[in-house]
Every structure is written in C-alpha cells, then in structure tokens.
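Everything on this sheet refers to the single structure shown next.
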Amino acid sequence: MVQSPSVEAGQLLTLAEASAHDLGISIDDRGVAVELTELKLRFHHSFIAGPIVKRAIQTNQTLLKACNNKQRNIRQVLDLTAGWGVDGYTLARHGQRVTLIEQNALIQAIVAHSLAQLAADPANAEIAGRLSIEAIDAKRYLQNLPGDHEFDCIYLDPMFPAHKSTAKPAKEMQILQSLTENSDLETCFELALKQARKRVVVKRAARAEPLGQHKPDLVQRAKTIRFDIYLTT
Ligand SMILES: C[S@@+](CC[C@H](N)C(=O)[O-])C[C@H]1O[C@@H](n2cnc3c(N)ncnc32)[C@H](O)[C@@H]1O
C-alpha cells in the first residue's frame, strides 16, 4: 500500500512558491514539470513514462548488483537520500520494497505526487505498493528506528561536490543541487552501519574517497560512479 499522501497540484504550487528559488512547477500529462528558470533547466518527473522509467527498466545496472543481491535475499531497502526517487523506484521495479526518506519538503512532495499517480495506474499499482516516502531528516528517522525493523539494506547517495574536471551532471541533478544539500550524512552512515540487517550501500563518484574513510567490504564499479558495500552480518 502506498503510504504517501496524494499530493494535490495546489500543495505543490504552494511549496514551490515558498521556495527561495526561481522555480516553476506545473502538472501536465507527462507528469510534474520542474523548471529552474534562473538556470534554464526543465524536466518532467514521472514514474509512469519518460526517462526515469527508461533508466529503471534496465536489468544490468550496477545499482541492482549492489542492493539487489538475490543470493543474500535483500528484500527491504531504506533509501536515506531519496532525491527524485530514481534509485528507489529502480529497486522497487526490480522487486524490492523501498522506504524513501527525503529532508526537502518540496522534493518529497513532487516524488509523493508521482507515486500517487503510479498507484492510481492499474498497470503500475503493484510497483507503487512496494514504495513509500517520508519527509523527514534521515538522522532523526534512524534515531527513532525500532530495533526489530526489517531493512536488509540501508542506501545512501550523497550529492557529489561539483568538480571542475568532470562533465556537468544531468539537468535533474543540477536542479536537485540548487534546491538542497547533504545534511549530517556521515552521522547517518555511522548509524546505518549499526542498524542495517545485512548491508549498507553508498554511491560515490568513481574516484572519491570512501564515505567517512571507511574501507568497504565490496565495491561494484560503473563508468563514473561506484557503490561501496559494507556487510553488517
Ligand atoms: C544525490 S540526491 C539523491 C538522488 C537519488 N538517489 C535519486 O535517485 O534521485 C541526495 C538527496 O539526499 C537528500 N538528503 C541529504 N541529506 C539528507 C538527510 N540528512 N536526510 C534526508 N535527506 C537528505 C537531499 O535533500 C537530496 O535530495
């Protein structure tokens, strides 16, 4: 069951107006259009069709190797850095139950709206049933997590610092970087290491130092990124 409330267009507009940014939000048949006018950046957020779905359906993704290891029976994932929910949605599409946590109320509301749309679509309701999102700070969420929780994998994808030598990130990531920032992620990582039932997975830029200088037990590498995996059992 989707726990996210259905977010009305009016609520999204109110949150967008309250944002300090020159932000345009509208809803059309392609999903939620998010536009950062000052940077001339625009994209559609939707879990039903479009680029997020195209990416998510690919079966050979390193994310899946890191978080969806069939032999280890990783069924439930806690994604502490939901952002646009692309990684979480990808994992849910491939069968896992995912709880998304996002500190930024506007970003959370956009993702919650897209999730409600997904749940209302009979062809996609089953996937939506595996996803939920909460607007809360990850540290607070972990501090209140009961000892008998069922999260096999806790996932973190901190925003990477801009690097002069690397290409600009995709426009949806540039918008995210303008709207929000990392908060207390090293503390969240330490808490996650104590709480994950089976593993913690951290997405890093290919050549970045491991988070908190903790050497991972396993690493799954892609072209520009890698996933550091910490086994907790
Ligand atoms: C790089 S983005 C994640 C992108 C995401 N993996 C996706 O697939 O769209 C990082 C997100 O983590 C959120 N974040 C950072 N620190 C947080 C915290 N302490 N609690 C909750 N969310 C946090 C940011 O607001 C941002 O939206």
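Ligands are numbered from 1 in the order shown, chains are lettered A, B, ... in the order of the structure tokens, and residues start at 1 in each chain.
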
| said: If we count only C-alpha atoms and set the cut-off at 8 Å, which residues sit around A:Leu13, ignoring sequence neighbours fewer than 4 positions away in its own chain? Please answer as a ChimeraX atom specification. | reply: /A:9,17,25-26

Kindly export the residues of the current selection with C-alpha atoms, as a PDB file, in the first residue's frame.
ATOM      1  CA  ALA A   9      -1.309  20.380  -7.508  1.00  0.00           C
ATOM      2  CA  GLU A  17       6.221  29.500  -4.165  1.00  0.00           C
ATOM      3  CA  ILE A  25       6.130  23.704 -11.025  1.00  0.00           C
ATOM      4  CA  SER A  26       3.237  22.586 -13.189  1.00  0.00           C
TER       5      SER A  26
END

| Nearby residues (only C-alpha atoms) at most 10 Å from stretch 206-221 of chain A, same-chain spacing under 6 positions excluded, as a list of chain:residue names |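 Close residues of stretch 206-221 of chain A: A:Thr62, A:Leu63, A:Leu64, A:Lys65, A:Ala66, A:Leu156, A:Pro158, A:Phe160, A:Pro161, A:Leu185, A:Glu186, A:Thr187, A:Phe189, A:Glu190, A:Arg199, A:Val200, A:Phe227, A:Asp228, A:Ile229, A:Tyr230, A:Leu231, A:Thr232.
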
Hey, what's within 8 Å of A:Ile127 if we count only C-alpha atoms and toss same-chain stuff fewer than 5 positions away? As a short mmCIF file (atom, residue, chain, number, x, y, z; two decimals) with C-alpha atoms, in the first residue's frame, please?
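Below you can see selection-v3.cif, which holds the result:
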data_model
loop_
_atom_site.label_atom_id
_atom_site.label_comp_id
_atom_site.auth_asym_id
_atom_site.auth_seq_id
_atom_site.Cartn_x
_atom_site.Cartn_y
_atom_site.Cartn_z
CA ALA A 92 11.10 -1.32 -6.48
CA ARG A 93 10.64 -2.05 -10.19
CA GLY A 95 11.03 -6.41 -6.87
CA LEU A 118 1.76 5.41 -10.17
CA ALA A 119 -0.56 3.86 -7.59
#

| field | Near-A:Gln195 list (9 Å; only C-alpha atoms; drop same-chain fewer than 6 positions) as a VMD selection string | value | chain A and resid 142 145 147 149 151 154 232

For the selection you just gave me, I'd like the residues written to a file as an mmCIF file, in the first residue's frame, keeping N, CA and C atoms.
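As written to disk, out_29.cif reads:
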data_model
loop_
_atom_site.group_PDB
_atom_site.id
_atom_site.type_symbol
_atom_site.label_atom_id
_atom_site.label_comp_id
_atom_site.auth_asym_id
_atom_site.auth_seq_id
_atom_site.Cartn_x
_atom_site.Cartn_y
_atom_site.Cartn_z
ATOM 1 N N LEU A 142 16.600 7.545 11.632
ATOM 2 C CA LEU A 142 17.416 6.423 12.141
ATOM 3 C C LEU A 142 17.427 6.403 13.673
ATOM 4 N N LEU A 145 14.399 4.584 14.775
ATOM 5 C CA LEU A 145 14.111 3.293 14.135
ATOM 6 C C LEU A 145 14.086 2.193 15.203
ATOM 7 N N GLY A 147 14.441 -1.433 17.051
ATOM 8 C CA GLY A 147 15.464 -2.478 16.905
ATOM 9 C C GLY A 147 15.005 -3.635 16.030
ATOM 10 N N HIS A 149 13.336 -3.547 13.212
ATOM 11 C CA HIS A 149 12.971 -3.115 11.850
ATOM 12 C C HIS A 149 13.399 -4.187 10.834
ATOM 13 N N PHE A 151 14.802 -3.585 7.608
ATOM 14 C CA PHE A 151 15.595 -3.101 6.476
ATOM 15 C C PHE A 151 16.874 -3.926 6.320
ATOM 16 N N ILE A 154 20.542 -0.555 3.863
ATOM 17 C CA ILE A 154 20.347 0.898 4.005
ATOM 18 C C ILE A 154 21.235 1.561 2.952
ATOM 19 N N THR A 232 27.032 -6.021 7.122
ATOM 20 C CA THR A 232 26.798 -5.813 8.563
ATOM 21 C C THR A 232 26.426 -7.111 9.290
#

| field | Nearby residues, ligand 1, 9 Å, only C-alpha atoms and all ligand atoms, as number ranges by chain | value | A: 79-90, 100-105, 107-108, 135-141, 155-160, 172-173, 176-177, 179-185, 187-188, 203

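Among the candidates A:Asn124, A:Asp22, A:Ile74, A:Gly129, the residue lying nearest to A:Arg197 is A:Ile74 (atoms considered: only C-alpha atoms).
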